[in-house]
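First up is the structure itself, then whatever we jot down about it.
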Amino acid sequence: MVVRCVWDAKVAGSNPVTLIMITQKRLDKFLETGKQHCLQIERSKKHCSLIIHKNKIVSVGVNGMGKTHPKAKEIGYRYDEVHSELDAVLKCHYKKNLTLLNLRFNRFGDMRIARPCCLCMPWCKMYFDSIYYTMPEGVVRLEY
């Protein structure tokens, strides 16, 4: 079975996005894994990043309160706190053929916007072959 996450161009504005075609089983697996990690985070902004290699999750990163790293300072993150994308990359042993799935859920388990921030976006585009992120309407793929 194939699921289509419909995206309204009016909502997207200038963000270049496209429709994702992914099996329902695989999408559910990735979303459920990410949701479990997100809901364990003890802060209001519950972001989780999954790095996928050959259709398997190889790394999970979360945004942590007070977690710092020299790379975070180098990138310019506020308070040098590690974003979920960087946390996942630091834990990942693979360097090629990687996909990023960025997730965000509210405390009720509803999907929210998880597009990488303006500081993460440049290095994510260089590091990952494709980037996906959640929106309240579904999952979208960033075109670059």
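Following the order of the structure tokens, first chain is A, next is B, and so on, with residues numbered from 1 inside each chain and ligands from 1 in the order they appear.
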
Env of A:Leu100: 9 Å cut, atoms = only C-alpha atoms, seq-sep filter 2 positions within chain, self excluded. Answer as a PyMOL selection string. chain A and resi 49-52+85+98+102+124+128-133

Those selected residues, please, written with C-alpha atoms and delivered as a PDB file, in the first residue's frame.
```
ATOM      1  CA  SER A  49      15.790  13.472  13.935  1.00  0.00           C
ATOM      2  CA  LEU A  50      16.093  10.027  12.394  1.00  0.00           C
ATOM      3  CA  ILE A  51      18.932   9.201  10.034  1.00  0.00           C
ATOM      4  CA  ILE A  52      17.963   6.461   7.604  1.00  0.00           C
ATOM      5  CA  GLU A  85      19.909  17.048  13.554  1.00  0.00           C
ATOM      6  CA  LEU A  98      21.741   9.103   4.167  1.00  0.00           C
ATOM      7  CA  ASN A 102      12.907  15.413  11.108  1.00  0.00           C
ATOM      8  CA  CYS A 124      22.090  19.279   6.243  1.00  0.00           C
ATOM      9  CA  PHE A 128      22.046  14.254   3.418  1.00  0.00           C
ATOM     10  CA  ASP A 129      20.814  12.979   0.060  1.00  0.00           C
ATOM     11  CA  SER A 130      17.219  13.800   1.000  1.00  0.00           C
ATOM     12  CA  ILE A 131      15.465  15.592   3.839  1.00  0.00           C
ATOM     13  CA  TYR A 132      11.925  14.906   5.047  1.00  0.00           C
ATOM     14  CA  TYR A 133      10.073  16.672   7.836  1.00  0.00           C
TER      15      TYR A 133
END
```

Find the residues near A:Tyr79: any atom within 9 Å, counting only C-alpha atoms, skip ones fewer than 6 places away on the same chain, and give them as a PyMOL selection string. chain A and resi 66+68+72-73

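By chain and then residue number, the residues within 8 Å of A:Lys46 are Cys38, Leu39, Ile41, Glu42, Arg43, Val62, Asn63, Arg104, Phe105 and Asn106 of chain A, counting only C-alpha atoms and disregarding those fewer than 3 positions away in sequence.
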
Taking only chain A into account, list the residues labelled strand (DSSP E or B) by DSSP (computed from the backbone), as number ranges by chain. A: 2-4, 17-18, 21-23, 47-53, 56-62, 68, 81, 99-105, 111, 130-135, 138-142

For the residues selected in the previous step, produce a file with C-alpha atoms as a PDB file, in the first residue's frame.
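Written out: again_23.pdb:
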```pdb
ATOM      1  CA  VAL A   2       1.277   3.473  -0.849  1.00  0.00           C
ATOM      2  CA  VAL A   3       0.295   6.577   1.076  1.00  0.00           C
ATOM      3  CA  ARG A   4       0.332  10.060  -0.396  1.00  0.00           C
ATOM      4  CA  VAL A  17       8.247  20.743  -1.438  1.00  0.00           C
ATOM      5  CA  THR A  18       6.943  17.725  -3.248  1.00  0.00           C
ATOM      6  CA  MET A  21       5.518   8.266  -2.003  1.00  0.00           C
ATOM      7  CA  ILE A  22       6.408   5.800   0.758  1.00  0.00           C
ATOM      8  CA  THR A  23       4.902   2.569   1.983  1.00  0.00           C
ATOM      9  CA  HIS A  47      12.172  17.549  18.077  1.00  0.00           C
ATOM     10  CA  CYS A  48      13.613  14.231  16.952  1.00  0.00           C
ATOM     11  CA  SER A  49      15.790  13.472  13.935  1.00  0.00           C
ATOM     12  CA  LEU A  50      16.093  10.027  12.394  1.00  0.00           C
ATOM     13  CA  ILE A  51      18.932   9.201  10.034  1.00  0.00           C
ATOM     14  CA  ILE A  52      17.963   6.461   7.604  1.00  0.00           C
ATOM     15  CA  HIS A  53      20.409   4.358   5.607  1.00  0.00           C
ATOM     16  CA  LYS A  56      16.834   1.331   8.315  1.00  0.00           C
ATOM     17  CA  ILE A  57      17.151   3.813  11.146  1.00  0.00           C
ATOM     18  CA  VAL A  58      20.860   4.085  11.931  1.00  0.00           C
ATOM     19  CA  SER A  59      20.796   7.082  14.287  1.00  0.00           C
ATOM     20  CA  VAL A  60      18.314   8.981  16.450  1.00  0.00           C
ATOM     21  CA  GLY A  61      18.938  12.491  17.735  1.00  0.00           C
ATOM     22  CA  VAL A  62      16.862  14.673  20.040  1.00  0.00           C
ATOM     23  CA  THR A  68      26.314  21.406  24.376  1.00  0.00           C
ATOM     24  CA  GLU A  81      22.700  23.767  22.596  1.00  0.00           C
ATOM     25  CA  THR A  99      18.204  10.416   4.546  1.00  0.00           C
ATOM     26  CA  LEU A 100      17.093  12.761   7.319  1.00  0.00           C
ATOM     27  CA  LEU A 101      13.583  12.512   8.760  1.00  0.00           C
ATOM     28  CA  ASN A 102      12.907  15.413  11.108  1.00  0.00           C
ATOM     29  CA  LEU A 103       9.955  14.978  13.469  1.00  0.00           C
ATOM     30  CA  ARG A 104       8.170  17.167  15.957  1.00  0.00           C
ATOM     31  CA  PHE A 105       5.178  16.273  18.097  1.00  0.00           C
ATOM     32  CA  MET A 111       2.612  16.267  14.339  1.00  0.00           C
ATOM     33  CA  SER A 130      17.219  13.800   1.000  1.00  0.00           C
ATOM     34  CA  ILE A 131      15.465  15.592   3.839  1.00  0.00           C
ATOM     35  CA  TYR A 132      11.925  14.906   5.047  1.00  0.00           C
ATOM     36  CA  TYR A 133      10.073  16.672   7.836  1.00  0.00           C
ATOM     37  CA  THR A 134       6.686  16.622   9.515  1.00  0.00           C
ATOM     38  CA  MET A 135       3.919  19.167   9.120  1.00  0.00           C
ATOM     39  CA  GLY A 138       1.683  15.063   6.901  1.00  0.00           C
ATOM     40  CA  VAL A 139       5.295  14.445   5.909  1.00  0.00           C
ATOM     41  CA  VAL A 140       6.961  16.460   3.134  1.00  0.00           C
ATOM     42  CA  ARG A 141      10.239  16.239   1.266  1.00  0.00           C
ATOM     43  CA  LEU A 142      12.504  19.241   0.932  1.00  0.00           C
TER      44      LEU A 142
END
```

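Rounded to one decimal, atom CA of A:Asn97 and atom CA of A:Lys25 lie 21.4 Å from each other.
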
Quick one: pick out all helix (DSSP H, G or I) residues within stretch 71-101 of chain A from a backbone DSSP run and write them as a list of chain:residue names. A:Lys71, A:Ala72, A:Lys73, A:Glu74, A:Ile75, A:Arg78, A:Tyr79, A:Asp80, A:Ser84, A:Glu85, A:Leu86, A:Asp87, A:Ala88, A:Val89, A:Leu90, A:Lys91

Using C-alpha atoms, can you export the residues from the last selection as a short mmCIF file (atom, residue, chain, number, x, y, z; two decimals), in the first residue's frame?
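And here's result_6.cif as it stands now:
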```cif
data_model
loop_
_atom_site.label_atom_id
_atom_site.label_comp_id
_atom_site.auth_asym_id
_atom_site.auth_seq_id
_atom_site.Cartn_x
_atom_site.Cartn_y
_atom_site.Cartn_z
CA LYS A 71 30.21 21.82 16.80
CA ALA A 72 27.08 23.57 18.10
CA LYS A 73 29.16 26.62 18.97
CA GLU A 74 30.88 26.47 15.56
CA ILE A 75 27.51 26.37 13.76
CA ARG A 78 21.89 29.81 20.53
CA TYR A 79 23.41 28.93 23.92
CA ASP A 80 25.51 26.31 22.06
CA SER A 84 18.34 17.12 17.04
CA GLU A 85 19.91 17.05 13.55
CA LEU A 86 23.42 17.54 14.96
CA ASP A 87 22.79 15.07 17.77
CA ALA A 88 21.81 12.40 15.22
CA VAL A 89 24.83 13.11 13.00
CA LEU A 90 27.23 12.92 15.95
CA LYS A 91 25.86 9.44 16.78
#
```

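Coordinates place atom CA of A:Met121 at a distance of 25.2 Å from atom CA of A:Gly109.
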
Pick the closest to A:Pro122 from A:Tyr144, A:Cys92, A:Lys29, A:Lys45: which is it, counting only C-alpha atoms? A:Tyr144
